[in-house]
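Undergrad: Structure supplied as model-v8.pdb; contents: PDB, C-alpha atoms.
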ATOM      1  CA  LEU A   1      67.400 109.646  14.708  1.00  0.00           C
ATOM      2  CA  VAL A   2      68.635 112.733  16.449  1.00  0.00           C
ATOM      3  CA  ILE A   3      72.434 113.099  16.901  1.00  0.00           C
ATOM      4  CA  GLY A   4      74.293 115.695  14.900  1.00  0.00           C
ATOM      5  CA  GLY A   5      71.207 117.534  13.926  1.00  0.00           C
ATOM      6  CA  GLY A   6      68.105 116.083  12.571  1.00  0.00           C
ATOM      7  CA  ALA A   7      66.701 112.754  13.433  1.00  0.00           C
ATOM      8  CA  PHE A   8      69.889 112.248  15.383  1.00  0.00           C
ATOM      9  CA  LEU A   9      69.967 115.350  17.589  1.00  0.00           C
ATOM     10  CA  LEU A  10      70.939 113.428  20.698  1.00  0.00           C
ATOM     11  CA  PHE A  11      73.840 115.733  21.479  1.00  0.00           C
ATOM     12  CA  SER A  12      71.507 118.701  21.608  1.00  0.00           C
ATOM     13  CA  GLN A  13      68.550 116.984  23.223  1.00  0.00           C
ATOM     14  CA  THR A  14      70.550 115.350  26.001  1.00  0.00           C
ATOM     15  CA  GLN A  15      72.861 118.343  26.504  1.00  0.00           C
ATOM     16  CA  THR A  16      75.920 116.109  26.172  1.00  0.00           C
ATOM     17  CA  LYS A  17      77.318 117.702  23.035  1.00  0.00           C
ATOM     18  CA  PRO A  18      80.983 118.513  23.640  1.00  0.00           C
ATOM     19  CA  SER A  19      81.955 122.056  22.718  1.00  0.00           C
ATOM     20  CA  LEU A  20      84.652 122.605  20.137  1.00  0.00           C
ATOM     21  CA  GLY A  21      84.335 126.355  20.305  1.00  0.00           C
ATOM     22  CA  ASP A  22      81.639 128.926  20.849  1.00  0.00           C
ATOM     23  CA  SER A  23      80.342 129.994  17.463  1.00  0.00           C
ATOM     24  CA  ASP A  24      76.628 130.001  18.283  1.00  0.00           C
ATOM     25  CA  THR A  25      76.250 133.638  17.267  1.00  0.00           C
ATOM     26  CA  VAL A  26      77.798 133.105  13.835  1.00  0.00           C
ATOM     27  CA  PRO A  27      75.326 132.374  11.008  1.00  0.00           C
ATOM     28  CA  THR A  28      75.640 128.831   9.674  1.00  0.00           C
ATOM     29  CA  GLN A  29      74.863 127.228   6.360  1.00  0.00           C
ATOM     30  CA  TRP A  30      74.262 123.554   5.716  1.00  0.00           C
ATOM     31  CA  SER A  31      74.246 121.633   2.455  1.00  0.00           C
ATOM     32  CA  GLN A  32      70.637 121.144   1.399  1.00  0.00           C
ATOM     33  CA  ALA A  33      68.873 118.284  -0.359  1.00  0.00           C
ATOM     34  CA  GLY A  34      69.808 119.547  -3.812  1.00  0.00           C
ATOM     35  CA  ASP A  35      73.524 119.346  -2.975  1.00  0.00           C
ATOM     36  CA  TYR A  36      73.373 115.590  -2.501  1.00  0.00           C
ATOM     37  CA  GLU A  37      73.120 113.213  -5.445  1.00  0.00           C
ATOM     38  CA  ILE A  38      71.872 109.797  -4.368  1.00  0.00           C
ATOM     39  CA  LYS A  39      72.022 107.069  -6.994  1.00  0.00           C
ATOM     40  CA  GLU A  40      72.222 103.327  -7.420  1.00  0.00           C
ATOM     41  CA  VAL A  41      75.355 102.005  -9.112  1.00  0.00           C
ATOM     42  CA  ALA A  42      76.613  98.552  -9.980  1.00  0.00           C
ATOM     43  CA  GLY A  43      78.689  97.062  -7.221  1.00  0.00           C
ATOM     44  CA  PRO A  44      80.739  93.886  -6.829  1.00  0.00           C
ATOM     45  CA  PRO A  45      78.875  90.548  -6.831  1.00  0.00           C
ATOM     46  CA  SER A  46      77.266  89.744  -3.512  1.00  0.00           C
ATOM     47  CA  PRO A  47      78.877  86.890  -1.580  1.00  0.00           C
ATOM     48  CA  GLY A  48      77.315  83.622  -2.703  1.00  0.00           C
ATOM     49  CA  ALA A  49      75.620  85.170  -5.722  1.00  0.00           C
ATOM     50  CA  SER A  50      75.582  82.924  -8.784  1.00  0.00           C
ATOM     51  CA  ALA A  51      76.085  85.706 -11.315  1.00  0.00           C
ATOM     52  CA  GLY A  52      75.684  89.413 -11.954  1.00  0.00           C
ATOM     53  CA  GLN A  53      76.470  92.438  -9.859  1.00  0.00           C
ATOM     54  CA  SER A  54      74.741  93.832  -6.827  1.00  0.00           C
ATOM     55  CA  GLN A  55      73.426  97.375  -6.623  1.00  0.00           C
ATOM     56  CA  GLN A  56      74.811  99.824  -4.092  1.00  0.00           C
ATOM     57  CA  THR A  57      73.756 103.319  -3.120  1.00  0.00           C
ATOM     58  CA  VAL A  58      76.313 106.107  -3.509  1.00  0.00           C
ATOM     59  CA  VAL A  59      75.869 109.628  -2.153  1.00  0.00           C
ATOM     60  CA  THR A  60      77.871 112.462  -3.743  1.00  0.00           C
ATOM     61  CA  ASN A  61      78.168 116.095  -2.726  1.00  0.00           C
ATOM     62  CA  SER A  62      80.178 117.718  -5.518  1.00  0.00           C
ATOM     63  CA  LYS A  63      79.942 121.172  -3.933  1.00  0.00           C
ATOM     64  CA  ALA A  64      81.659 119.978  -0.754  1.00  0.00           C
ATOM     65  CA  GLY A  65      83.901 117.503  -2.575  1.00  0.00           C
ATOM     66  CA  PHE A  66      83.084 114.078  -1.176  1.00  0.00           C
ATOM     67  CA  SER A  67      81.157 110.876  -1.786  1.00  0.00           C
ATOM     68  CA  PHE A  68      80.335 107.785   0.240  1.00  0.00           C
ATOM     69  CA  LYS A  69      78.706 104.390  -0.107  1.00  0.00           C
ATOM     70  CA  VAL A  70      75.617 103.643   1.937  1.00  0.00           C
ATOM     71  CA  PRO A  71      76.170 100.352   3.806  1.00  0.00           C
ATOM     72  CA  GLU A  72      74.537  97.432   2.003  1.00  0.00           C
ATOM     73  CA  GLY A  73      70.932  96.924   3.053  1.00  0.00           C
ATOM     74  CA  TRP A  74      70.686 100.350   4.705  1.00  0.00           C
ATOM     75  CA  VAL A  75      68.252 103.098   3.732  1.00  0.00           C
ATOM     76  CA  VAL A  76      69.060 106.792   3.407  1.00  0.00           C
ATOM     77  CA  SER A  77      66.722 109.750   3.656  1.00  0.00           C
ATOM     78  CA  GLY A  78      67.065 113.479   4.264  1.00  0.00           C
ATOM     79  CA  GLU A  79      65.306 115.730   6.706  1.00  0.00           C
ATOM     80  CA  ASN A  80      65.303 119.425   7.570  1.00  0.00           C
ATOM     81  CA  TYR A  81      65.669 120.601  11.145  1.00  0.00           C
ATOM     82  CA  GLY A  82      64.990 124.205  12.037  1.00  0.00           C
ATOM     83  CA  ILE A  83      65.383 126.892   9.397  1.00  0.00           C
ATOM     84  CA  GLU A  84      68.333 125.555   7.421  1.00  0.00           C
ATOM     85  CA  GLU A  85      69.909 122.494   9.016  1.00  0.00           C
ATOM     86  CA  TYR A  86      69.642 119.486   6.726  1.00  0.00           C
ATOM     87  CA  MET A  87      70.888 116.005   7.594  1.00  0.00           C
ATOM     88  CA  LEU A  88      71.020 112.676   5.821  1.00  0.00           C
ATOM     89  CA  ASN A  89      69.925 109.819   8.046  1.00  0.00           C
ATOM     90  CA  LEU A  90      71.208 106.322   7.334  1.00  0.00           C
ATOM     91  CA  LEU A  91      69.456 103.399   9.018  1.00  0.00           C
ATOM     92  CA  SER A  92      70.352  99.722   9.079  1.00  0.00           C
ATOM     93  CA  PHE A  93      67.736  97.289   7.757  1.00  0.00           C
ATOM     94  CA  ASP A  94      66.753  96.291  11.308  1.00  0.00           C
ATOM     95  CA  ALA A  95      66.665  99.805  12.768  1.00  0.00           C
ATOM     96  CA  GLN A  96      63.655 100.919  14.752  1.00  0.00           C
ATOM     97  CA  LEU A  97      62.770 104.400  16.044  1.00  0.00           C
ATOM     98  CA  ASN A  98      60.343 105.346  18.779  1.00  0.00           C
ATOM     99  CA  GLU A  99      57.816 108.189  18.684  1.00  0.00           C
ATOM    100  CA  ARG A 100      60.573 110.650  19.666  1.00  0.00           C
ATOM    101  CA  LYS A 101      62.665 109.495  16.678  1.00  0.00           C
ATOM    102  CA  LEU A 102      65.227 107.961  19.003  1.00  0.00           C
ATOM    103  CA  LEU A 103      66.890 104.755  17.889  1.00  0.00           C
ATOM    104  CA  THR A 104      65.740 101.717  19.877  1.00  0.00           C
ATOM    105  CA  LYS A 105      67.200  98.942  17.721  1.00  0.00           C
ATOM    106  CA  GLY A 106      69.829  98.521  15.022  1.00  0.00           C
ATOM    107  CA  CYS A 107      72.302 101.173  13.832  1.00  0.00           C
ATOM    108  CA  GLY A 108      71.884 104.747  12.682  1.00  0.00           C
ATOM    109  CA  ILE A 109      74.219 107.371  11.248  1.00  0.00           C
ATOM    110  CA  SER A 110      73.442 111.041  10.666  1.00  0.00           C
ATOM    111  CA  PHE A 111      75.494 112.976   8.127  1.00  0.00           C
ATOM    112  CA  GLY A 112      75.630 116.693   7.449  1.00  0.00           C
ATOM    113  CA  THR A 113      77.820 119.265   5.706  1.00  0.00           C
ATOM    114  CA  LEU A 114      78.371 122.565   7.481  1.00  0.00           C
ATOM    115  CA  TYR A 115      79.837 125.683   5.865  1.00  0.00           C
ATOM    116  CA  GLN A 116      81.163 127.870   8.665  1.00  0.00           C
ATOM    117  CA  LYS A 117      84.722 129.202   8.836  1.00  0.00           C
ATOM    118  CA  ASP A 118      84.711 129.694  12.602  1.00  0.00           C
ATOM    119  CA  GLU A 119      83.602 126.140  13.332  1.00  0.00           C
ATOM    120  CA  VAL A 120      86.195 124.748  10.911  1.00  0.00           C
ATOM    121  CA  ALA A 121      88.889 126.867  12.557  1.00  0.00           C
ATOM    122  CA  ASN A 122      87.814 125.707  16.033  1.00  0.00           C
ATOM    123  CA  THR A 123      87.892 122.081  14.945  1.00  0.00           C
ATOM    124  CA  LYS A 124      91.340 122.448  13.377  1.00  0.00           C
ATOM    125  CA  ALA A 125      92.619 124.102  16.548  1.00  0.00           C
ATOM    126  CA  SER A 126      91.245 121.216  18.600  1.00  0.00           C
ATOM    127  CA  ILE A 127      93.012 118.756  16.301  1.00  0.00           C
ATOM    128  CA  VAL A 128      96.333 120.541  16.860  1.00  0.00           C
ATOM    129  CA  SER A 129      95.731 120.542  20.621  1.00  0.00           C
ATOM    130  CA  LEU A 130      94.949 116.818  20.576  1.00  0.00           C
ATOM    131  CA  GLN A 131      98.090 116.105  18.566  1.00  0.00           C
ATOM    132  CA  GLU A 132     100.124 117.912  21.216  1.00  0.00           C
ATOM    133  CA  ASP A 133      98.447 115.735  23.872  1.00  0.00           C
ATOM    134  CA  GLY A 134      99.235 112.466  22.099  1.00  0.00           C
ATOM    135  CA  GLY A 135      96.091 112.182  19.976  1.00  0.00           C
ATOM    136  CA  GLN A 136      93.544 111.523  22.721  1.00  0.00           C
ATOM    137  CA  VAL A 137      92.102 113.371  25.704  1.00  0.00           C
ATOM    138  CA  THR A 138      89.590 112.261  28.321  1.00  0.00           C
ATOM    139  CA  SER A 139      87.467 114.868  30.063  1.00  0.00           C
ATOM    140  CA  GLY A 140      84.757 113.636  32.384  1.00  0.00           C
ATOM    141  CA  GLU A 141      82.558 111.242  30.421  1.00  0.00           C
ATOM    142  CA  VAL A 142      83.883 112.374  27.034  1.00  0.00           C
ATOM    143  CA  ILE A 143      86.837 111.022  25.058  1.00  0.00           C
ATOM    144  CA  LYS A 144      88.213 113.057  22.146  1.00  0.00           C
ATOM    145  CA  THR A 145      90.405 111.253  19.631  1.00  0.00           C
ATOM    146  CA  ILE A 146      92.063 112.263  16.382  1.00  0.00           C
ATOM    147  CA  ILE A 147      90.874 110.282  13.369  1.00  0.00           C
ATOM    148  CA  GLU A 148      91.999 110.245   9.750  1.00  0.00           C
ATOM    149  CA  VAL A 149      89.462 109.749   6.971  1.00  0.00           C
ATOM    150  CA  SER A 150      90.472 109.804   3.307  1.00  0.00           C
ATOM    151  CA  GLY A 151      93.638 111.726   4.126  1.00  0.00           C
ATOM    152  CA  HIS A 152      91.851 114.338   6.255  1.00  0.00           C
ATOM    153  CA  PHE A 153      92.264 114.643  10.021  1.00  0.00           C
ATOM    154  CA  GLY A 154      89.212 115.037  12.194  1.00  0.00           C
ATOM    155  CA  ILE A 155      87.963 114.562  15.741  1.00  0.00           C
ATOM    156  CA  LYS A 156      85.888 111.722  17.157  1.00  0.00           C
ATOM    157  CA  ILE A 157      83.982 112.542  20.326  1.00  0.00           C
ATOM    158  CA  VAL A 158      82.524 109.654  22.331  1.00  0.00           C
ATOM    159  CA  ASN A 159      80.271 109.840  25.370  1.00  0.00           C
ATOM    160  CA  THR A 160      81.616 107.147  27.715  1.00  0.00           C
ATOM    161  CA  THR A 161      78.888 107.219  30.349  1.00  0.00           C
ATOM    162  CA  GLU A 162      78.033 103.893  31.948  1.00  0.00           C
ATOM    163  CA  ASP A 163      74.663 105.146  33.167  1.00  0.00           C
ATOM    164  CA  GLN A 164      72.470 102.244  32.069  1.00  0.00           C
ATOM    165  CA  ARG A 165      69.295 104.298  31.967  1.00  0.00           C
ATOM    166  CA  PHE A 166      70.959 106.793  29.654  1.00  0.00           C
ATOM    167  CA  LEU A 167      72.434 104.064  27.457  1.00  0.00           C
ATOM    168  CA  GLU A 168      69.129 102.218  27.167  1.00  0.00           C
ATOM    169  CA  THR A 169      67.395 105.472  26.169  1.00  0.00           C
ATOM    170  CA  PHE A 170      69.975 107.127  23.920  1.00  0.00           C
ATOM    171  CA  GLY A 171      72.680 104.548  23.318  1.00  0.00           C
ATOM    172  CA  ARG A 172      76.402 105.217  23.073  1.00  0.00           C
ATOM    173  CA  ILE A 173      76.709 108.547  21.273  1.00  0.00           C
ATOM    174  CA  THR A 174      79.576 109.336  18.934  1.00  0.00           C
ATOM    175  CA  GLN A 175      80.138 112.501  16.931  1.00  0.00           C
ATOM    176  CA  MET A 176      82.816 113.147  14.319  1.00  0.00           C
ATOM    177  CA  LYS A 177      83.909 116.449  12.761  1.00  0.00           C
ATOM    178  CA  ILE A 178      86.133 116.348   9.688  1.00  0.00           C
ATOM    179  CA  PRO A 179      87.346 119.568   8.055  1.00  0.00           C
ATOM    180  CA  VAL A 180      87.321 119.313   4.248  1.00  0.00           C
ATOM    181  CA  ASN A 181      88.899 122.741   3.725  1.00  0.00           C
ATOM    182  CA  ASP A 182      88.902 126.134   5.476  1.00  0.00           C
ATOM    183  CA  THR A 183      85.149 126.605   5.106  1.00  0.00           C
ATOM    184  CA  THR A 184      83.614 123.124   4.971  1.00  0.00           C
ATOM    185  CA  LEU A 185      83.060 120.659   7.792  1.00  0.00           C
ATOM    186  CA  ILE A 186      81.628 117.142   7.619  1.00  0.00           C
ATOM    187  CA  VAL A 187      79.577 116.298  10.722  1.00  0.00           C
ATOM    188  CA  ILE A 188      78.736 112.666  11.457  1.00  0.00           C
ATOM    189  CA  GLY A 189      76.680 111.345  14.360  1.00  0.00           C
ATOM    190  CA  LEU A 190      76.204 107.753  15.460  1.00  0.00           C
ATOM    191  CA  SER A 191      73.855 106.255  18.026  1.00  0.00           C
ATOM    192  CA  ILE A 192      74.745 102.757  19.220  1.00  0.00           C
ATOM    193  CA  MET A 193      72.427 100.759  21.454  1.00  0.00           C
ATOM    194  CA  PRO A 194      74.240  98.539  23.995  1.00  0.00           C
ATOM    195  CA  VAL A 195      73.100  95.251  22.434  1.00  0.00           C
ATOM    196  CA  ALA A 196      74.446  96.292  19.010  1.00  0.00           C
ATOM    197  CA  GLU A 197      77.613  98.128  20.052  1.00  0.00           C
ATOM    198  CA  LYS A 198      80.112  95.727  18.467  1.00  0.00           C
ATOM    199  CA  ASP A 199      78.186  95.352  15.199  1.00  0.00           C
ATOM    200  CA  CYS A 200      77.461  99.076  14.777  1.00  0.00           C
ATOM    201  CA  THR A 201      81.045 100.063  15.583  1.00  0.00           C
ATOM    202  CA  THR A 202      82.253  97.690  12.868  1.00  0.00           C
ATOM    203  CA  LYS A 203      79.761  99.111  10.367  1.00  0.00           C
ATOM    204  CA  LEU A 204      80.849 102.659  11.200  1.00  0.00           C
ATOM    205  CA  GLY A 205      84.432 101.690  10.399  1.00  0.00           C
ATOM    206  CA  ILE A 206      83.355 100.302   7.031  1.00  0.00           C
ATOM    207  CA  PHE A 207      81.302 103.432   6.334  1.00  0.00           C
ATOM    208  CA  LEU A 208      84.261 105.709   7.074  1.00  0.00           C
ATOM    209  CA  SER A 209      86.551 103.597   4.865  1.00  0.00           C
ATOM    210  CA  ASN A 210      84.119 104.223   1.995  1.00  0.00           C
ATOM    211  CA  LEU A 211      83.993 107.988   2.543  1.00  0.00           C
ATOM    212  CA  VAL A 212      86.109 109.645  -0.161  1.00  0.00           C
ATOM    213  CA  ILE A 213      87.067 113.297   0.366  1.00  0.00           C
ATOM    214  CA  LYS A 214      88.834 115.223  -2.391  1.00  0.00           C
TER
END
Mind turning this structure into structure tokens?

TA:
Amino acid sequence: LVIGGGAFLLFSQTQTKPSLGDSDTVPTQWSQAGDYEIKEVAGPPSPGASAGQSQQTVVTNSKAGFSFKVPEGWVVSGENYGIEEYMLNLLSFDAQLNERKLLTKGCGISFGTLYQKDEVANTKASIVSLQEDGGQVTSGEVIKTIIEVSGHFGIKIVNTTEDQRFLETFGRITQMKIPVNDTTLIVIGLSIMPVAEKDCTTKLGIFLSNLVIK
């Protein structure tokens, strides 16, 4: 899917990734497959179901201190990118990817956990700067906004281009960075195709409401 890393690396591939600080020369470390526990648990009854409970997928990273529910009907898989970057890719039931692993239909979310003190510090500094500017800043075709998820402040970065060729190829790209503590950063990427913008934005909101950070 290629956005934050991995199948969602749109920010890197399209060179639209907003900079939150230059820490390219600092070694990074990402949570790997073994850090994520993915399991099916009993959920509330599905609407219209006659009896019994539905199953829902829950992802837990005890090392980083968070868990989240995979949206109902979505699939989750992990993939390595480069030497150590590992991302979880969540795809809606109707999602389709082309040969370049770019989303062409449906919704997709990429999710990664980065351990890098400099990047966390840069993100926290950007949050403070945004707070001083009223919580939102527009720069060119990028809007940065403060968000709050499970009691933790973060930054949402949205590419606001109206270039139709770009949107039809890559969709509306959103990236979120949420510091968990002084060394851990949650990185979330979302690609939204124009025809599914309203639906995918709603599903992202539900996803974030089900992200629990200790």

Undergrad: Please measure the separation of CA of Ile155 (chain A) and CA of Gly82 (chain A), giving the value in Å to one decimal.

TA: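 Taking CA of Ile155 (chain A) as the start and CA of Gly82 (chain A) as the end point, the length is 25.2 Å.
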
Undergrad: Run the PyMOL selection byres ((chain A and resi 70) around 8) on the file and write out the hits as a ChimeraX atom specification.

TA: /A:56-59,68-69,71-72,74-76,90,207

Undergrad: When the PyMOL selection byres ((chain A and resi 196) around 12) is applied to the structure above, which residues does it catch, written out as a PyMOL selection string?

TA: chain A and resi 92+94-95+103-108+167-168+171-172+191-195+197-204

Undergrad: How would the residues just chosen look if you wrote them out with C-alpha atoms as a CSV table (one decimal), in the frame of the given file?

TA:
chain,number,residue,atom,x,y,z
A,92,SER,CA,70.4,99.7,9.1
A,94,ASP,CA,66.8,96.3,11.3
A,95,ALA,CA,66.7,99.8,12.8
A,103,LEU,CA,66.9,104.8,17.9
A,104,THR,CA,65.7,101.7,19.9
A,105,LYS,CA,67.2,98.9,17.7
A,106,GLY,CA,69.8,98.5,15.0
A,107,CYS,CA,72.3,101.2,13.8
A,108,GLY,CA,71.9,104.7,12.7
A,167,LEU,CA,72.4,104.1,27.5
A,168,GLU,CA,69.1,102.2,27.2
A,171,GLY,CA,72.7,104.5,23.3
A,172,ARG,CA,76.4,105.2,23.1
A,191,SER,CA,73.9,106.3,18.0
A,192,ILE,CA,74.7,102.8,19.2
A,193,MET,CA,72.4,100.8,21.5
A,194,PRO,CA,74.2,98.5,24.0
A,195,VAL,CA,73.1,95.3,22.4
A,197,GLU,CA,77.6,98.1,20.1
A,198,LYS,CA,80.1,95.7,18.5
A,199,ASP,CA,78.2,95.4,15.2
A,200,CYS,CA,77.5,99.1,14.8
A,201,THR,CA,81.0,100.1,15.6
A,202,THR,CA,82.3,97.7,12.9
A,203,LYS,CA,79.8,99.1,10.4
A,204,LEU,CA,80.8,102.7,11.2

Undergrad: What separation in Å, quoted to one decimal, exists between CA of Leu114 (chain A) and CA of Lys177 (chain A)?

TA: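 Going from CA of Leu114 (chain A) over to CA of Lys177 (chain A), I get 9.8 Å.
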
Undergrad: Select, from A:Gly134, A:Gly65, A:Gly73, A:Gly140, the residue with the minimum atom-to-atom distance to Pro179 (chain A), counting only C-alpha atoms.

TA: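 Once distances to Pro179 (chain A) are computed over only C-alpha atoms, the minimum belongs to A:Gly65.
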
Undergrad: Given the file shown, enumerate the residues that the PyMOL selection byres ((chain A and resi 127) around 10) captures and present them as JSON, numbers by chain.

TA: {"A": [20, 121, 122, 123, 124, 125, 126, 128, 129, 130, 131, 132, 133, 135, 136, 144, 145, 146, 147, 153, 154, 155, 178]}

Undergrad: Which distance in Å separates CA of Ile188 (chain A) and CA of Glu99 (chain A), to one decimal?

TA: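 These atoms are spaced 22.6 Å apart.
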
Undergrad: Counting all atoms listed in the file, figure out which residue out of A:Leu88, A:Leu190, A:Val180, A:Leu211 gets nearest to Ala64 (chain A).

TA: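 Of the candidates, the smallest distance to Ala64 (chain A) is held by A:Val180.
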
Undergrad: Which residue gives the smallest distance to Leu208 (chain A) among A:Thr138, A:Ser54, A:Ser150, A:Ser77, with all atoms listed in the file counted?

TA: A:Ser150
